[in-house]
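Single-structure report; data block below.
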Amino acid sequence: MLPFICRGIWRATVHTRRISRGTPPCRLLSTCDEATGPLADAETIYALSSGHGRCGVAVIRVSGPASTTALRHMAGFTRSLPPPRTALLRSITDPQVKEVLDRGLVLWFPAPHSFTGEDSVEFHVHGGPAVITAVLQALGSVPGMRPAEAGEFTRRAFQAGKLGLTEVEGLGDLIHAETEAQRRQALRQMSGELGRLYQDWSHKLKRCLAHVEAFIDFSEDELIEDGVLNQVDRSVCSLQAEMEQHLKDERKGERLRNGVQVVIAGATNAGKSSLLNTLCQRPAAIVSPIAGTTRDVVETALDIGGFPVLLSDTAGIRDSPDVVEKEGVRRAREKVELADLTLVVVDCANLPTDAQQAVAFLQGHLGSVLPTQEQPQTDRCLLVLNKTDLLPEDQRQKLNGELKQVSGLPPVCLISCCTNEGLQDFLTVLHNSVKTLCGDPLSGAPTLTQARHRAHLQQCVAALAQYQWYRETDLALAAEGVRLALTSLGRITGRVGAEEILDIIFKDFCIGK
């Protein structure tokens with residue numbers, strides 16, 4: 001998540017229009033003011049933009065009207081500024097005592113050709129803590145400058161129109177991406193592909209709203225072409241279908257962004273904690289032959305083939321008189337209900353020797369571990385038969401062959417956490433399951449990545465349904481539905497304004513001839 005939330009961007013405004021005779025005096029048009037251009041009275045901010053800690057090179061960024069002052073006073077450009085976007089090696093000095101703090105590269109980015117759209121400067125200095133502290137303190141002594149707040153550079157880029165809200169969120173996700181798939185999805189969103197999809201929908205809605213409003217106000221003057229409302233009907237119906245299809249993504253984008261919730265569940269002493277330790281390659285959970293050792297949920301983050309996984313080990317599911325263990329079992333069941341994927345671990349030593357009886361045992365065991373509604377969802381569950389090293393070779397092969405012929409069971413993996421036998425095949429199956437849950441971030445249409453996107457789009461679809469409901473009975477209320485849909489989309493992108501709607505009215509209908 002980004003360290004800031006853009007608040008105060010949207011405010012309700014009243015827009016007064018020319019009203020044709022017989023039309024109600026006025027209607028409210030709530031708009032999202034479009035934030036464009038840097039703030040004229042903005043303070044100059046500075047901050048360390050590279051990571052904290054010792055490093056070879058540290059980047060200190062400055063943005064705002066006093067950037068040139070810092071450049072002149074600290075890098076010695078007394079006569080003229082350096083060429084834009086050109087790295088120059090300079091002595092960086094303290095403007096108060098004229099002491100040389102370091103020698104590093106200086107870059108000058110004049111407005112509007114910078115990340116924030118403002119005059120900006122970057123100091124590339126050596127990454128020692130003393131050097132960084134000295135340069136930051138020197139910048140603080142320059143008049144009109146202050147330390148930046150969290151996310152303030154990106155906020156200014158948004159206010160200057162350099163980034164839309166979806167691109168800002170993509171940038172934040174890219175910074176926090178920990179796996180390859182997360183990086184790909186964040187980079188795709190930051191490139192503006194998702195924002196362009198929403199902007200295209202927004203443009204179509206503006207046109208629909210302009211046509212409906214113009215029909216209401218000017219149809220009596222016979223200045224409106226025939227069939228305008230029929231075109232709006234078709235556009236609204238098409239947009240609603242597109243948005244509903246966009247929402248049917250099974251939350252793959254959100255799952256990829258936040259991590260797939262994978263839960264290890266099963267009876268006591270089945271080897272659940274051993275499987276956790278094997279997958280994360282460290283002793284994350286305590287392992288002992290005593291049944292009920294794990295009482296609470298033990299979580300660890302993993303990268304499974306480039307996809308983020310939050311793996312949870314849970315208490316063994318059984319009836320117990322122990323109060324603490326009962327709470328552990330309750331938490332285990334709660335975790336399974338919320339899981340994207342459940343690994344049901346079974347001790348092979350507890351299986352009947354007869355293969356058919358073993359299949360019946362496994363089906364019953366799944367029913368005791370999984371919630372009832374999830375039993376048919378075999379794509380959300382893997383059956384892991386652990387401790388295969390304790391089975392005779394002939395029994396193991398017979399069991400494996402019998403399970404391959406059974407339908408109705410989730411994918412079955414035979415492994416041994418003791419010898420690592422079958423582990424590679426299990427990892428392949430696990431990777432494929434996680435990939436299916438997340439989808440390919442580079443293929444198809446861009447997916448939803450934020451819960452707020454989904455909420456606003458659902459409001460948008462509901463508002464378009466309002467248009468269709470009132471289309472024949474009250475055109476003013478129908479137009480209100482389109483306006484609400486446009487506002488909901490504007491809250492995703494951060495841009496929608498009343499003037500744009502008026503521009504379309506005057507352009508399309510030549511009103512006032």
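Residue names in the structure tokens use chain letters A, B, ... in the order shown, residue numbers from 1 in each chain, and ligand numbers from 1 in the order shown.
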Could you give me, as CSV, a per-residue list for range 415-440 of chain A showing, wherever an atom lies at most 12 Å from an atom of range 270-289 of chain A, the closest pair of atoms and their distance in Å to one decimal, using only C-alpha atoms and sorting by chain then residue number from low to high?
residue,atom,partner,partner_atom,distance
A:Ile415,CA,A:Leu275,CA,9.5
A:Ser416,CA,A:Leu275,CA,8.9
A:Cys417,CA,A:Leu275,CA,6.2
A:Cys418,CA,A:Ser274,CA,8.3
A:Thr419,CA,A:Thr278,CA,10.5
A:Asn420,CA,A:Thr278,CA,8.3
A:Glu421,CA,A:Thr278,CA,11.7
A:Leu423,CA,A:Thr278,CA,9.1
A:Gln424,CA,A:Leu279,CA,10.7
A:Phe426,CA,A:Leu279,CA,10.5
A:Leu427,CA,A:Leu279,CA,8.8
A:Leu430,CA,A:Leu279,CA,11.0
Could you write out that same residue set with C-alpha atoms as an mmCIF file, in the first residue's frame?
data_model
loop_
_atom_site.group_PDB
_atom_site.id
_atom_site.type_symbol
_atom_site.label_atom_id
_atom_site.label_comp_id
_atom_site.auth_asym_id
_atom_site.auth_seq_id
_atom_site.Cartn_x
_atom_site.Cartn_y
_atom_site.Cartn_z
ATOM 1 C CA ILE A 415 5.996 -36.894 -0.600
ATOM 2 C CA SER A 416 8.376 -37.543 2.260
ATOM 3 C CA CYS A 417 9.552 -34.533 4.242
ATOM 4 C CA CYS A 418 12.216 -36.792 5.746
ATOM 5 C CA THR A 419 13.868 -37.892 2.476
ATOM 6 C CA ASN A 420 12.482 -35.108 0.178
ATOM 7 C CA GLU A 421 11.121 -37.821 -2.109
ATOM 8 C CA LEU A 423 9.064 -32.900 -3.253
ATOM 9 C CA GLN A 424 9.952 -31.574 -6.702
ATOM 10 C CA PHE A 426 4.768 -31.446 -5.376
ATOM 11 C CA LEU A 427 6.380 -28.036 -5.945
ATOM 12 C CA LEU A 430 1.795 -26.216 -6.133
#
Can you tell me, as a ChimeraX atom specification, which residues in range 166-344 of chain A count as strand (DSSP E or B) by DSSP?
/A:260-266,298-304,307-313,341-344
Between A:Ala349, A:Ala160, A:Ala332, A:Cys237, smallest distance to Gln466 in chain A by only C-alpha atoms belongs to A:Cys237
DSSP says helix (DSSP H, G or I) for which residues of range 35-150 of chain A? Put them as a list in words?
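Written out, the helix (DSSP H, G or I) residues of range 35-150 of chain A are Ser67, Thr68, Thr69, Ala70, Leu71, Arg72, His73, Met74, Ala75, Pro129, Ala130, Val131, Ile132, Thr133, Ala134, Val135, Leu136, Gln137, Ala138, Leu139 and Gly140 of chain A.
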Selection: 8 Å around Leu310 in chain A, only C-alpha atoms, excl. self and same-chain fewer than 4 positions, as a PDB file with N, CA and C atoms, in the first residue's frame:
ATOM      1  N   GLY A 259      -0.710 -11.536  -2.180  1.00  0.00           N
ATOM      2  CA  GLY A 259      -0.168 -12.849  -1.860  1.00  0.00           C
ATOM      3  C   GLY A 259      -1.271 -13.893  -1.754  1.00  0.00           C
ATOM      4  N   VAL A 260      -0.980 -15.089  -2.232  1.00  0.00           N
ATOM      5  CA  VAL A 260      -1.945 -16.193  -2.188  1.00  0.00           C
ATOM      6  C   VAL A 260      -1.930 -16.801  -0.783  1.00  0.00           C
ATOM      7  N   GLN A 261      -3.098 -16.919  -0.195  1.00  0.00           N
ATOM      8  CA  GLN A 261      -3.218 -17.497   1.146  1.00  0.00           C
ATOM      9  C   GLN A 261      -3.261 -19.026   1.025  1.00  0.00           C
ATOM     10  N   VAL A 262      -2.147 -19.679   1.357  1.00  0.00           N
ATOM     11  CA  VAL A 262      -2.047 -21.134   1.311  1.00  0.00           C
ATOM     12  C   VAL A 262      -1.983 -21.658   2.743  1.00  0.00           C
ATOM     13  N   GLU A 299       2.964 -18.404  10.297  1.00  0.00           N
ATOM     14  CA  GLU A 299       2.931 -17.913   8.925  1.00  0.00           C
ATOM     15  C   GLU A 299       4.329 -17.562   8.436  1.00  0.00           C
ATOM     16  N   THR A 300       4.540 -17.754   7.143  1.00  0.00           N
ATOM     17  CA  THR A 300       5.799 -17.363   6.510  1.00  0.00           C
ATOM     18  C   THR A 300       5.517 -17.018   5.056  1.00  0.00           C
ATOM     19  N   ALA A 301       6.236 -16.036   4.537  1.00  0.00           N
ATOM     20  CA  ALA A 301       6.061 -15.598   3.147  1.00  0.00           C
ATOM     21  C   ALA A 301       7.047 -16.341   2.255  1.00  0.00           C
ATOM     22  N   LEU A 302       6.554 -16.808   1.101  1.00  0.00           N
ATOM     23  CA  LEU A 302       7.375 -17.568   0.163  1.00  0.00           C
ATOM     24  C   LEU A 302       7.216 -17.018  -1.247  1.00  0.00           C
TER      25      LEU A 302
END
Would you pick out the contacts of Val57 in chain A at 12 Å or less, using only C-alpha atoms, so that residues sharing its chain but fewer than 6 positions from it are not included, and give the list as a PyMOL selection string?
chain A and resi 48-51+102-105+123-129+131-132
Counting only C-alpha atoms, figure out which residue out of A:Ser63, A:Thr179, A:Gln245, A:Thr447 gets nearest to Glu122 in chain A.
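For Glu122 in chain A, the nearest of the candidates is A:Ser63.
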Find the residues around Asp233 in chain A up to 12 Å (only C-alpha atoms counted), leave out those fewer than 5 positions away in its own chain, and share them as a PyMOL selection string.
chain A and resi 204-205+207-209+211-212+227-228+238-240+464-465+467-472+475+478-479+482
Lys398 in chain A surroundings by only C-alpha atoms, 10 Å radius, close-in-sequence under 6 positions cut, as a ChimeraX atom specification
/A:353-355
Pick from A:Phe109, A:Leu383, A:Leu437, A:Gly140 nearest to Val309 in chain A, counting only C-alpha atoms:
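Smallest distance to Val309 in chain A is found for A:Leu437.
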Exercise: Pro82 in chain A partners within 9 Å, only C-alpha atoms, chain neighbours under 5 positions left out, as an MDAnalysis selection string:
chainID A and resid 77 87:88 106:108
A:Met243, A:Ile216, A:Cys348, A:Ala315 ranked by distance to Val461 in chain A, top pick (using only C-alpha atoms):
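Looking only at the distances to Val461 in chain A, the closest residue turns out to be A:Met243.
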So which one's closest to Glu193 in chain A, A:Gly64, A:Glu167, A:Cys413, A:Ala177? Using only C-alpha atoms, please.
A:Glu167
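In this structure, CA of Leu171 in chain A sits 20.5 Å away from CA of Gly439 in chain A.
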Length of the CA of Gln459 in chain A to CA of Leu484 in chain A vector [Å]
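About the pair CA of Gln459 in chain A and CA of Leu484 in chain A: they are 8.2 Å apart.
Distances from A:Ala265, A:Cys460, A:Leu139, A:Asn400 to Trp201 in chain A were compared using only C-alpha atoms, and the smallest one belongs to A:Cys460.
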